[in-house]
Every structure is written in structure tokens, then in C-alpha cells.
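The structure file coords.txt is reproduced below (compact mmCIF, C-alpha atoms).
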# COMPACT_ATOMS: atom_id res chain seq x y z
CA MET A 1 174.82 71.84 -279.92
CA ARG A 2 178.56 71.35 -280.39
CA GLU A 3 180.14 74.64 -279.27
CA VAL A 4 179.35 76.34 -275.96
CA VAL A 5 181.09 79.42 -274.59
CA VAL A 6 180.82 80.43 -270.93
CA VAL A 7 181.71 84.08 -270.34
CA GLY A 8 182.76 84.49 -266.72
CA ALA A 9 184.69 82.12 -264.46
CA GLY A 10 183.16 83.06 -261.14
CA LEU A 11 180.85 80.73 -259.25
CA ALA A 12 177.97 81.05 -261.74
CA GLY A 13 180.19 80.35 -264.75
CA VAL A 14 181.95 77.40 -263.13
CA ARG A 15 178.65 75.87 -262.00
CA ALA A 16 177.24 76.32 -265.51
CA ALA A 17 180.24 74.58 -267.07
CA GLY A 18 179.94 71.67 -264.65
CA SER A 19 176.19 71.47 -265.18
CA LEU A 20 176.60 71.27 -268.96
CA ARG A 21 178.92 68.28 -268.62
CA ASP A 22 176.69 66.64 -266.02
CA ALA A 23 173.73 67.02 -268.38
CA GLY A 24 175.58 65.19 -271.14
CA PHE A 25 177.14 67.94 -273.23
CA ASP A 26 180.20 66.40 -274.89
CA GLY A 27 181.05 69.13 -277.38
CA ARG A 28 183.65 71.87 -277.19
CA LEU A 29 183.36 73.93 -274.02
CA THR A 30 185.27 77.22 -273.63
CA VAL A 31 185.36 79.29 -270.44
CA VAL A 32 186.46 82.93 -270.74
CA SER A 33 187.69 85.04 -267.81
CA ASP A 34 189.22 88.51 -267.73
CA GLU A 35 191.16 87.48 -264.60
CA ARG A 36 194.42 85.58 -264.82
CA GLU A 37 193.62 83.79 -261.58
CA LEU A 38 192.20 80.29 -261.57
CA PRO A 39 188.50 80.43 -260.59
CA TYR A 40 187.92 81.07 -256.88
CA ASP A 41 185.13 81.51 -254.37
CA ARG A 42 184.41 85.12 -253.40
CA PRO A 43 182.68 85.04 -249.98
CA PRO A 44 185.89 84.19 -248.06
CA LEU A 45 187.79 87.11 -249.61
CA THR A 46 186.61 89.84 -247.24
CA LYS A 47 186.60 87.50 -244.25
CA GLN A 48 189.07 84.60 -244.05
CA VAL A 49 191.48 85.76 -246.77
CA VAL A 50 191.76 89.29 -245.37
CA ALA A 51 192.09 87.83 -241.87
CA GLY A 52 194.86 85.52 -243.07
CA THR A 53 193.20 82.24 -242.08
CA MET A 54 192.78 81.21 -245.72
CA THR A 55 194.81 81.76 -248.89
CA GLY A 56 193.95 81.98 -252.56
CA ASP A 57 194.74 78.29 -252.93
CA ASP A 58 192.18 77.42 -250.25
CA ILE A 59 189.29 78.98 -252.18
CA ARG A 60 189.82 77.57 -255.67
CA LEU A 61 186.71 76.48 -257.56
CA ALA A 62 188.29 74.76 -260.57
CA GLY A 63 191.55 74.24 -262.42
CA ASP A 64 192.54 74.59 -266.05
CA GLY A 65 191.78 70.96 -266.88
CA GLU A 66 188.39 70.79 -265.21
CA PHE A 67 185.26 69.82 -267.17
CA GLY A 68 187.39 69.02 -270.23
CA ALA A 69 187.11 72.71 -271.06
CA ARG A 70 189.38 75.16 -272.81
CA TRP A 71 190.11 77.93 -270.33
CA ILE A 72 190.96 81.42 -271.61
CA ARG A 73 192.23 83.50 -268.69
CA GLY A 74 193.33 87.12 -268.60
CA THR A 75 191.44 88.04 -271.77
CA ALA A 76 188.12 89.88 -271.58
CA ALA A 77 185.10 89.39 -273.78
CA VAL A 78 184.44 92.68 -275.58
CA GLY A 79 181.51 91.93 -277.87
CA LEU A 80 178.61 89.56 -278.56
CA ASP A 81 177.33 89.07 -282.12
CA ARG A 82 174.10 87.11 -281.73
CA GLU A 83 173.36 87.05 -285.46
CA ARG A 84 176.69 85.39 -286.32
CA ARG A 85 176.88 83.66 -282.93
CA ARG A 86 180.32 84.90 -282.03
CA VAL A 87 181.93 86.12 -278.80
CA ARG A 88 184.66 88.65 -279.57
CA LEU A 89 187.68 88.83 -277.26
CA ALA A 90 189.99 91.73 -276.40
CA ASP A 91 192.84 90.16 -278.36
CA GLY A 92 190.74 90.17 -281.55
CA ALA A 93 189.87 86.48 -281.50
CA GLU A 94 186.31 85.36 -282.11
CA LEU A 95 184.74 82.32 -280.48
CA PRO A 96 181.88 80.69 -282.40
CA TYR A 97 179.05 79.25 -280.34
CA ASP A 98 175.87 77.25 -280.64
CA GLY A 99 175.06 78.32 -277.10
CA VAL A 100 176.54 80.87 -274.71
CA VAL A 101 176.28 81.34 -270.95
CA LEU A 102 176.57 84.95 -269.85
CA ALA A 103 177.92 85.01 -266.30
CA PRO A 104 180.18 88.10 -266.35
CA GLY A 105 179.51 89.07 -262.74
CA ALA A 106 180.05 92.58 -261.45
CA LYS A 107 182.83 95.00 -260.64
CA ALA A 108 183.28 97.19 -257.59
CA ARG A 109 181.83 100.67 -257.97
CA GLU A 110 184.67 103.20 -258.10
CA TRP A 111 184.60 106.52 -256.30
CA PRO A 112 183.03 108.99 -258.74
CA GLY A 113 185.09 111.84 -260.08
CA ALA A 114 188.76 112.53 -260.68
CA GLY A 115 191.60 113.39 -258.37
CA VAL A 116 191.41 110.32 -256.13
CA PRO A 117 194.74 110.08 -254.23
CA GLY A 118 196.85 106.99 -253.77
CA GLY A 119 195.81 104.60 -251.04
CA VAL A 120 192.13 104.69 -252.00
CA LEU A 121 191.05 101.29 -253.28
CA THR A 122 188.11 98.97 -253.87
CA VAL A 123 187.80 95.29 -253.03
CA ARG A 124 186.13 92.82 -255.34
CA GLY A 125 188.64 90.15 -256.41
CA LEU A 126 191.59 88.21 -255.07
CA ALA A 127 194.11 90.71 -256.47
CA ASP A 128 192.31 93.50 -254.56
CA VAL A 129 192.54 91.58 -251.30
CA ARG A 130 196.22 90.90 -251.82
CA ARG A 131 196.78 94.61 -252.36
CA LEU A 132 194.79 95.44 -249.23
CA ARG A 133 196.79 93.00 -247.13
CA ALA A 134 200.05 94.33 -248.56
CA GLU A 135 199.04 97.85 -247.51
CA VAL A 136 198.12 96.72 -243.99
CA ASP A 137 201.22 94.58 -243.63
CA GLY A 138 203.24 97.56 -244.85
CA GLY A 139 202.03 99.75 -242.03
CA ALA A 140 198.60 101.15 -242.98
CA ASP A 141 197.10 101.14 -239.50
CA GLU A 142 194.22 103.64 -239.89
CA VAL A 143 191.65 102.38 -242.39
CA VAL A 144 188.47 104.20 -243.29
CA ILE A 145 185.82 102.13 -245.03
CA VAL A 146 183.24 104.13 -246.98
CA GLY A 147 180.04 102.12 -247.17
CA ALA A 148 178.51 99.78 -244.59
CA GLY A 149 176.90 97.19 -246.80
CA PHE A 150 178.00 93.55 -246.70
CA VAL A 151 181.50 94.18 -248.08
CA GLY A 152 182.14 97.16 -245.82
CA VAL A 153 180.94 95.41 -242.67
CA GLU A 154 182.88 92.22 -243.41
CA LEU A 155 186.07 94.18 -244.05
CA ALA A 156 185.61 96.24 -240.90
CA SER A 157 185.25 93.05 -238.89
CA SER A 158 188.27 91.36 -240.45
CA LEU A 159 190.58 94.37 -240.23
CA SER A 160 189.64 95.26 -236.67
CA GLY A 161 190.44 91.65 -235.78
CA LEU A 162 193.98 92.28 -237.09
CA GLY A 163 194.39 95.19 -234.71
CA VAL A 164 193.85 97.88 -237.33
CA LYS A 165 192.08 101.09 -236.31
CA VAL A 166 188.92 101.09 -238.45
CA THR A 167 186.35 103.80 -239.09
CA LEU A 168 183.17 102.79 -240.91
CA VAL A 169 181.34 105.62 -242.70
CA GLU A 170 177.78 105.11 -243.94
CA THR A 171 175.94 107.94 -245.66
CA PHE A 172 172.49 106.37 -245.40
CA GLY A 173 172.36 105.82 -241.67
CA ALA A 174 173.06 102.26 -240.56
CA PRO A 175 175.13 99.17 -241.35
CA LEU A 176 173.39 96.44 -243.35
CA ARG A 177 170.28 98.60 -243.59
CA ALA A 178 168.85 96.29 -246.30
CA LEU A 179 168.25 93.72 -243.56
CA GLY A 180 166.10 96.06 -241.49
CA GLY A 181 166.42 98.22 -238.42
CA THR A 182 166.66 95.47 -235.82
CA VAL A 183 169.59 93.71 -237.49
CA SER A 184 171.27 97.07 -238.15
CA GLN A 185 171.06 97.84 -234.44
CA VAL A 186 172.67 94.51 -233.49
CA VAL A 187 175.48 94.99 -236.03
CA THR A 188 176.08 98.61 -234.94
CA GLU A 189 176.44 97.61 -231.31
CA ALA A 190 178.72 94.65 -232.15
CA ALA A 191 180.94 96.87 -234.32
CA GLY A 192 181.27 99.37 -231.48
CA ARG A 193 182.25 96.62 -229.04
CA ALA A 194 184.93 95.50 -231.52
CA GLY A 195 186.45 98.97 -231.43
CA VAL A 196 185.23 100.16 -234.83
CA ALA A 197 184.46 103.89 -234.98
CA LEU A 198 181.13 104.56 -236.69
CA ARG A 199 180.23 107.71 -238.62
CA LEU A 200 176.62 107.12 -239.61
CA GLY A 201 174.25 109.33 -241.54
CA VAL A 202 176.97 111.58 -242.93
CA GLY A 203 178.15 111.80 -246.51
CA VAL A 204 181.66 111.89 -247.89
CA ARG A 205 182.81 115.01 -249.72
CA GLY A 206 186.12 113.58 -250.88
CA PHE A 207 189.67 112.84 -249.78
CA ALA A 208 192.60 114.92 -248.55
CA ALA A 209 196.09 113.96 -249.76
CA ALA A 210 199.48 114.27 -248.13
CA GLY A 211 202.48 115.78 -249.90
CA ASP A 212 203.43 112.41 -251.40
CA GLY A 213 200.04 112.11 -253.11
CA ARG A 214 198.68 109.46 -250.78
CA VAL A 215 195.45 109.83 -248.86
CA ARG A 216 195.75 111.28 -245.36
CA ALA A 217 192.07 111.78 -244.51
CA VAL A 218 188.48 111.30 -245.62
CA VAL A 219 186.61 114.61 -245.78
CA LEU A 220 183.01 114.28 -244.62
CA ALA A 221 180.09 116.32 -245.90
CA ASP A 222 180.05 118.37 -242.72
CA GLY A 223 183.69 119.36 -243.26
CA ALA A 224 185.14 117.07 -240.60
CA GLU A 225 188.18 115.00 -241.49
CA VAL A 226 188.76 111.37 -240.51
CA SER A 227 192.45 110.47 -240.48
CA ALA A 228 193.32 107.59 -242.82
CA SER A 229 196.44 105.87 -244.06
CA LEU A 230 194.23 103.70 -246.30
CA VAL A 231 190.66 104.03 -247.59
CA VAL A 232 188.43 101.25 -248.94
CA VAL A 233 185.50 102.40 -251.05
CA ALA A 234 182.67 99.88 -250.60
CA ILE A 235 179.71 101.61 -252.22
CA GLY A 236 178.30 98.73 -254.21
CA MET A 237 178.87 96.98 -257.51
CA VAL A 238 178.13 97.55 -261.17
CA PRO A 239 177.31 94.70 -263.56
CA ALA A 240 180.21 93.86 -265.89
CA THR A 241 178.03 94.17 -268.98
CA GLY A 242 179.34 97.23 -270.84
CA TRP A 243 180.81 94.92 -273.48
CA LEU A 244 177.27 93.81 -274.41
CA ALA A 245 176.29 97.22 -275.79
CA GLY A 246 175.06 96.71 -279.34
CA SER A 247 174.23 93.03 -278.76
CA GLY A 248 170.49 93.71 -278.90
CA LEU A 249 169.95 92.29 -275.43
CA ALA A 250 167.79 94.11 -272.90
CA LEU A 251 170.01 95.65 -270.24
CA PRO A 252 167.85 97.36 -267.61
CA SER A 253 170.10 99.12 -265.07
CA GLY A 254 173.06 97.42 -266.73
CA ARG A 255 171.86 93.90 -265.92
CA ILE A 256 170.91 91.30 -268.51
CA HIS A 257 167.17 90.71 -268.62
CA CYS A 258 166.26 87.02 -268.74
CA ASP A 259 163.01 85.09 -268.57
CA GLU A 260 161.98 82.63 -265.85
CA ARG A 261 164.08 79.92 -267.48
CA LEU A 262 167.16 82.18 -267.66
CA PHE A 263 167.13 82.72 -271.45
CA ALA A 264 168.26 86.26 -272.30
CA ARG A 265 165.64 88.65 -273.57
CA ALA A 266 166.16 90.95 -276.52
CA ALA A 267 165.64 94.69 -276.23
CA GLY A 268 162.53 96.27 -277.70
CA GLY A 269 164.37 97.57 -280.78
CA VAL A 270 167.20 96.14 -282.83
CA GLY A 271 170.41 96.77 -280.92
CA GLY A 272 168.51 98.91 -278.44
CA THR A 273 168.46 98.97 -274.68
CA ALA A 274 165.36 98.46 -272.59
CA GLY A 275 164.37 101.05 -270.04
CA ALA A 276 164.72 100.69 -266.30
CA GLY A 277 161.13 99.58 -265.67
CA ALA A 278 160.05 95.96 -265.30
CA GLY A 279 160.23 94.38 -268.72
CA ALA A 280 160.41 97.78 -270.39
CA GLY A 281 160.67 97.16 -274.11
CA ALA A 282 161.94 93.61 -273.63
CA GLY A 283 161.33 91.27 -276.54
CA VAL A 284 161.59 87.56 -277.15
CA ALA A 285 164.07 85.27 -275.46
CA ASP A 286 167.15 84.08 -277.34
CA PRO A 287 167.30 80.25 -277.20
CA ALA A 288 171.09 80.32 -277.64
CA VAL A 289 171.85 82.68 -274.72
CA VAL A 290 171.34 82.01 -271.01
CA VAL A 291 172.24 84.25 -268.07
CA ALA A 292 173.37 83.55 -264.51
CA GLY A 293 174.78 85.31 -261.47
CA ASP A 294 175.24 88.91 -260.37
CA ALA A 295 174.57 90.38 -263.82
CA ALA A 296 171.19 88.65 -264.23
CA TRP A 297 167.88 90.52 -264.02
CA CYS A 298 165.58 87.51 -263.85
CA GLU A 299 161.80 87.41 -264.21
CA ALA A 300 161.64 84.55 -261.68
CA VAL A 301 163.07 86.72 -258.87
CA ARG A 302 160.63 89.55 -258.53
CA THR A 303 158.27 91.62 -256.46
CA ALA A 304 155.07 93.28 -257.65
CA GLU A 305 157.23 96.11 -259.01
CA GLY A 306 159.37 93.86 -261.19
CA PRO A 307 162.51 91.70 -261.14
CA VAL A 308 164.95 92.09 -258.24
CA PRO A 309 168.69 91.64 -258.86
CA LEU A 310 170.53 89.36 -256.45
CA GLU A 311 174.24 89.34 -255.69
CA HIS A 312 174.35 86.34 -253.38
CA TRP A 313 176.46 83.17 -253.51
CA SER A 314 173.47 80.82 -253.41
CA ASN A 315 171.78 82.63 -256.29
CA ALA A 316 174.90 82.46 -258.48
CA ALA A 317 175.31 78.76 -257.73
CA ALA A 318 171.70 77.84 -258.40
CA GLN A 319 171.37 79.98 -261.53
CA GLY A 320 174.64 78.68 -262.93
CA GLU A 321 173.58 75.07 -262.54
CA LEU A 322 170.15 75.68 -264.08
CA ALA A 323 171.52 77.83 -266.90
CA GLY A 324 173.77 74.99 -268.07
CA ARG A 325 170.95 72.45 -267.99
CA ASN A 326 168.44 74.72 -269.67
CA LEU A 327 170.79 75.78 -272.45
CA LEU A 328 171.28 72.13 -273.37
CA ALA A 329 167.60 71.22 -272.95
CA GLY A 330 166.30 74.15 -275.02
CA PRO A 331 163.37 76.47 -274.18
CA ALA A 332 160.65 73.86 -274.68
CA ALA A 333 162.08 71.50 -272.04
CA ALA A 334 163.73 74.07 -269.77
CA GLU A 335 162.85 74.34 -266.08
CA PRO A 336 161.78 77.60 -264.42
CA TYR A 337 164.11 79.06 -261.81
CA ALA A 338 162.53 78.38 -258.41
CA HIS A 339 165.35 78.95 -255.91
CA VAL A 340 164.45 80.67 -252.63
CA PRO A 341 167.02 83.47 -252.20
CA SER A 342 169.35 83.03 -249.25
CA PHE A 343 172.40 84.75 -247.86
CA TRP A 344 174.79 84.32 -244.93
CA THR A 345 177.77 86.10 -243.51
CA THR A 346 179.75 86.52 -240.31
CA ALA A 347 180.93 89.77 -238.74
CA PHE A 348 181.98 90.84 -235.24
CA GLY A 349 181.15 87.40 -233.86
CA LEU A 350 177.65 87.43 -235.36
CA ARG A 351 176.30 84.76 -237.71
CA ILE A 352 173.84 86.53 -239.99
CA ARG A 353 171.58 84.61 -242.37
CA SER A 354 168.59 85.57 -244.49
CA VAL A 355 166.02 83.89 -246.72
CA GLY A 356 163.65 85.46 -249.21
CA LEU A 357 163.72 89.18 -249.99
CA PRO A 358 163.63 90.93 -246.60
CA GLY A 359 164.35 94.35 -248.07
CA THR A 360 161.07 94.30 -250.02
CA GLY A 361 158.70 94.24 -247.05
CA ASP A 362 156.87 97.11 -245.37
CA ARG A 363 157.24 95.94 -241.77
CA GLU A 364 159.46 93.71 -239.66
CA VAL A 365 158.49 91.63 -236.65
CA VAL A 366 160.87 90.19 -234.04
CA GLU A 367 159.65 86.60 -233.68
CA ALA A 368 162.42 85.14 -231.52
CA GLY A 369 165.16 86.55 -229.29
CA SER A 370 165.90 90.25 -229.11
CA ALA A 371 168.36 92.84 -230.33
CA ALA A 372 169.52 93.32 -226.74
CA GLU A 373 170.51 89.65 -226.55
CA GLY A 374 172.40 89.81 -229.83
CA ALA A 375 170.41 86.77 -231.00
CA VAL A 376 167.26 87.54 -232.93
CA LEU A 377 164.96 86.28 -235.67
CA VAL A 378 163.20 89.01 -237.64
CA ALA A 379 160.43 88.23 -240.11
CA HIS A 380 159.68 90.70 -242.92
CA TYR A 381 156.15 91.10 -244.24
CA LEU A 382 154.46 92.93 -247.07
CA GLY A 383 151.01 93.40 -245.65
CA GLU A 384 150.29 89.94 -244.24
CA GLN A 385 152.55 88.09 -246.68
CA LEU A 386 155.92 86.82 -245.50
CA VAL A 387 158.60 88.04 -247.95
CA GLY A 388 161.77 87.27 -246.02
CA ALA A 389 163.42 86.55 -242.70
CA VAL A 390 166.78 87.38 -241.12
CA SER A 391 168.48 85.62 -238.23
CA VAL A 392 171.38 86.74 -236.07
CA ASN A 393 172.77 83.79 -234.11
CA GLN A 394 169.35 82.12 -234.52
CA GLY A 395 170.01 80.15 -237.69
CA LYS A 396 168.29 76.97 -236.52
CA LEU A 397 164.93 78.76 -236.86
CA LEU A 398 165.44 79.91 -240.44
CA PRO A 399 164.62 76.68 -242.40
CA GLY A 400 160.98 76.94 -241.33
CA TYR A 401 160.75 80.40 -242.90
CA ALA A 402 162.46 79.15 -246.06
CA ARG A 403 159.79 76.44 -246.37
CA ARG A 404 157.04 79.03 -246.03
CA LEU A 405 158.62 81.10 -248.78
CA GLY A 406 159.11 78.11 -251.10
Write the structure described by the file as C-alpha cells, please.
Amino acid sequence: MREVVVVGAGLAGVRAAGSLRDAGFDGRLTVVSDERELPYDRPPLTKQVVAGTMTGDDIRLAGDGEFGARWIRGTAAVGLDRERRRVRLADGAELPYDGVVLAPGAKAREWPGAGVPGGVLTVRGLADVRRLRAEVDGGADEVVIVGAGFVGVELASSLSGLGVKVTLVETFGAPLRALGGTVSQVVTEAAGRAGVALRLGVGVRGFAAAGDGRVRAVVLADGAEVSASLVVVAIGMVPATGWLAGSGLALPSGRIHCDERLFARAAGGVGGTAGAGAGAGAGVADPAVVVAGDAAWCEAVRTAEGPVPLEHWSNAAAQGELAGRNLLAGPAAAEPYAHVPSFWTTAFGLRIRSVGLPGTGDREVVEAGSAAEGAVLVAHYLGEQLVGAVSVNQGKLLPGYARRLG
């Protein structure tokens, strides 16, 4: 193997590049990114960078000369020819490869439909955060955040800490609902204490614009309007895999299907796309293509219903490192992915951590502390089997649950 291309310069791609070198790869290594920015860490974006306690320079992952790699920045990959082993770029160039790491990540989900006024934005990358801060610094003092998942909650916490009036709207009932009802309750109460207005269990019909074309309000499904000088749409992410159409890889729900050793699986038919079910139509693994990060749909991370996608920092880091090693080792010597999923964040003075797959259980049990205390450990079970655990300000208890899950 003399030519390796890494598509994606987020955490997974950077870890894969470093892992390849650490494992002894001394051939030509090319890293492709559609962003002009040097690689950076994403978790601080919605927290420290929005809050102004960190800058883009503080969160760099790698520089142009790192790993002895050729870095191509600001040019997207637009095609993958597995038969000829070429990655095609937006500028028409083609990169030959003996092996390729697919770590394209994901993009923020845009508000569906046309007619979105100015001042409605999404936050995924460093450029988005800079735009958000410019709006706030320029006088946007009423911000409505649509969506109370991790991004929405982190932004609400950071912006309210800057003195901005924040309203958090969640159609499906509660903030961070994937972590269970107890944690949602703690987060809801902490957000209220921080001065965040909560509109829970109500949908969004659209946006009302002022005469200058900028947003002036969010229109809720019940017809009520919430005044806004700025709106952040935080309704999830979509895998950045559209450019892989026609590659012959299996792309259930837009993610790249890979086996337990992270080698990409082919679709059932030539150039086809597998269905949404677990392994639907997926064929053999490609020994020249490995997958890592947010866009991966990995057989090693699964429930009884099938693989579970993960969009966590620890997963991207661990998959990136293993993908690099396994690509160099080849399928016969490759290691299975055995990382226990984990996640952490901070919001409204709470330190929230999880291990395993808490959203896949059928019951939750408070095993330490209480929601009323704002410090709680909640275990998630499927029947009698532990599938995950979440702590709020009880992180010292979590390693024991991680060991049980491992």
C-alpha cells in the first residue's frame, strides 16, 4: 500500500491519518477537506467558542505539515470510483489510492422548504459559530433555538450566559430526551433557572419576516409567535455522503455501512443502495475502503434491531484510530471495533456524561442521587440487561457502569 487518501479532516479523519503513520505507513498520505479551516475539534464550538472563552486557534487538531501528509483544503470530494480506485474532487482532479478512509462527517440539517428569511442559521462548523457570534455581537439579543438536542441545549446555555434572551423550542416534548425522562427533567429545570424560556411539545410552522427580509418571529404550530432577532435551527444532522451515490457502497439512511472491522460494505446490487433495514442488501466488504466517524453505520455498534449510528467525539476518535490501523493491516489481521460508546457535555452548570446506548432501553432506574438534587445517576435497562447509564454531576460513579458494559 503506497497511496492512501483520507476524505474528511474532522476528528475521525485526523485520528486515522495519525494512526496510519503510527502503524508504519510511509507512503503518500493525502487528507481532503471541504473546509478551508485547519482541522479543529468540534465539541468546544457550541460551548467555549460561542461563550468566547476559547478561539479557533485553541481547538486546532492538526496543521498542514502534520503526519507528513498532503493537505487539500477547501475542495470537496465529489465521487468515489472503487473499480479504478480514484477519489474525484470538485475541481476535476482525481486522487489514486490503494486504500481510502471515508470520514466525511455530517452536515447540519437545514430547515425544510423555501422562503426562509435572513437571520435563520444552523451551527455545525467554526464558520457557523463565527457568524453566530457576529450576529450576537451586532445586536441580536432575542434568539430562538429550534431543537433541544445536544446542540440546541449547549447553545442555549452558552448564549444565555452572554446575557442573550433565549427561547428553546422542542417539538417532541423535552430537552435531551434521548437520555431519558429523569435527565430531561434536570436539564429543563436548570434551563429555567438560567432564564431560558421553554416552549416544549409544540411544533414550528415557520418564520415571520420583517420588512427588510430578516426574521422577526418564529411561528409555532398553534399560531403563537415567539419574537426573534435571530433563529438557530438545531434539528439534527445529515451524513455528508451524497457524493458517494453510484459508488456501489451500501448507504442505509445515508450512512456508510461497514463491518465490525470498519471495512465498507457494498450494496446488494452493482451501484445500488441498500435499504434502511439492518444489513438490507449489503454485500461483501471492500478491503481498500474503511469508514469512521459520524457517517459510519457500523455492525459493531448495534442493538437487536441492527446497527446504531453514533455522533459522539469518543466514537469518532476510536473509529478513526482503528480505521487507520485496520486499513494497513488488511481484513485478515484487522481488529474488531470494541469501543464502549461514551458522551459528555456541560450545560447550565450541569456536567452530563453517558456510557453505552441509554436511548435503546425500555426502562430507567435512578441508582444514585435524585433529580431534585440536580445530581443523579440513571441506569438504562432492556429487560434485565444494562444497556447504558447517564450521570448528571455524578461522573465518579460512571466508570463502574462502563466496565459492566465492556
**Prompt:** What does the distance from atom CA of Thr360 of chain A to atom CA of Pro104 of chain A come to in Å, to one decimal?
**Reply:**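 Atom-to-atom, atom CA of Thr360 of chain A and atom CA of Pro104 of chain A are spaced 25.9 Å apart.
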**Complete:** What separates atom CA of Tyr337 of chain A and atom CA of Arg42 of chain A is a distance of 22.8 Å
**Prompt:** In Å, with one decimal, what is the gap from atom CA of Pro399 of chain A to atom CA of Tyr381 of chain A?
**Reply:** 16.8 Å
**Prompt:** Using only C-alpha atoms, which residue out of A:Lys396, A:Arg261, A:Arg363, A:Arg403 lies closest to Gly180 of chain A?
**Reply:**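 The answer is A:Arg363, which sits nearest to Gly180 of chain A.
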**Message:** Set the distance at 7 Å and use only C-alpha atoms: which residues neighbour Ala295 of chain A once local chain neighbours fewer than 6 positions away are removed? I'd like the list as a PyMOL selection string.
**Reply:** chain A and resi 103-106+239-240+255-256
**For Trp243 of chain A, the nearest of the candidates A:Asp81, A:Ala304, A:Asp362, A:Val231, counting only C-alpha atoms** =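 Among A:Asp81, A:Ala304, A:Asp362, A:Val231, it is A:Asp81 that comes nearest to Trp243 of chain A.
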Do you have, as CSV, the list of residues of segment 124-227 of chain A lying at most 12 Å from segment 340-344 of chain A, each with its nearest atom pair and that distance in Å to one decimal, counting all atoms listed in the file and ordered by chain then number?
residue,atom,partner,partner_atom,distance
A:Phe150,CA,A:Trp344,CA,9.9
A:Glu154,CA,A:Trp344,CA,11.4
A:Leu179,CA,A:Phe343,CA,10.8
**Message:** Just want the 8 Å neighbourhood of Val87 of chain A, counted on all atoms listed in the file, with same-chain residues fewer than 3 positions away dropped. Output as a list in words.
**Reply:**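 Non-adjacent residues within range: Val5, Ala77, Val78, Gly79, Leu80, Asp81, Glu94, Leu95, Pro96 and Tyr97 of chain A.
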Would you list the contacts of Gly283 of chain A as a short mmCIF file (atom, residue, chain, number, x, y, z; two decimals) with C-alpha atoms, keeping the file's coordinate frame, taking every protein, DNA or RNA residue within 8 Å and counting only C-alpha atoms, but skipping same-chain residues closer than 3 positions in sequence?
data_model
loop_
_atom_site.label_atom_id
_atom_site.label_comp_id
_atom_site.auth_asym_id
_atom_site.auth_seq_id
_atom_site.Cartn_x
_atom_site.Cartn_y
_atom_site.Cartn_z
CA ALA A 250 167.79 94.11 -272.90
CA ARG A 265 165.64 88.65 -273.57
CA ALA A 266 166.16 90.95 -276.52
CA ALA A 267 165.64 94.69 -276.23
CA GLY A 268 162.53 96.27 -277.70
#
Using all atoms listed in the file, find each residue in segment 114-141 of chain A having at least one atom no more than 9 Å away from segment 157-165 of chain A; report its shortest atom-to-atom pair and that distance in Å (one decimal), rows by chain then rising number, as CSV.
residue,atom,partner,partner_atom,distance
A:Val136,CA,A:Val164,CA,8.0
A:Ala140,CA,A:Val164,CA,8.1
A:Asp141,CA,A:Val164,CA,5.1
Selection export as a compact mmCIF listing (two decimals), keeping the file's coordinate frame, atoms kept: C-alpha atoms:
# COMPACT_ATOMS: atom_id res chain seq x y z
CA VAL A 136 198.12 96.72 -243.99
CA ALA A 140 198.60 101.15 -242.98
CA ASP A 141 197.10 101.14 -239.50
**Asked** Taking into account only C-alpha atoms, which residue in the set A:Arg15, A:Val144, A:Thr171, A:Asp212 is nearest to Ser227 of chain A?
**Response**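 For Ser227 of chain A, the nearest of the given residues is A:Val144.
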**Prompt:** Using only C-alpha atoms, which residues sit within 10 Å of Ala221 of chain A once same-chain residues fewer than 2 positions away are excluded, as a PyMOL selection string?
**Reply:** chain A and resi 171+202-206+218-219+223-225
**Message:** Taking only C-alpha atoms into account, name the residue in A:Glu142, A:Glu384, A:Glu299, A:Glu364 that is nearest to Thr182 of chain A.
**Reply:**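 Looking only at the distances to Thr182 of chain A, the closest residue turns out to be A:Glu364.
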**Item:** Nearest to Glu189 of chain A, chosen from A:Ala234, A:Ala347, A:Val14, A:Phe25, with all atoms listed in the file counted in the distances
**Value:**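 For Glu189 of chain A, the nearest of the given residues is A:Ala347.
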**Prompt:** Pick from A:Ala402, A:Leu230, A:Leu382, A:Leu322: nearest to Ser354 of chain A, with only C-alpha atoms counted?
**Reply:** A:Ala402
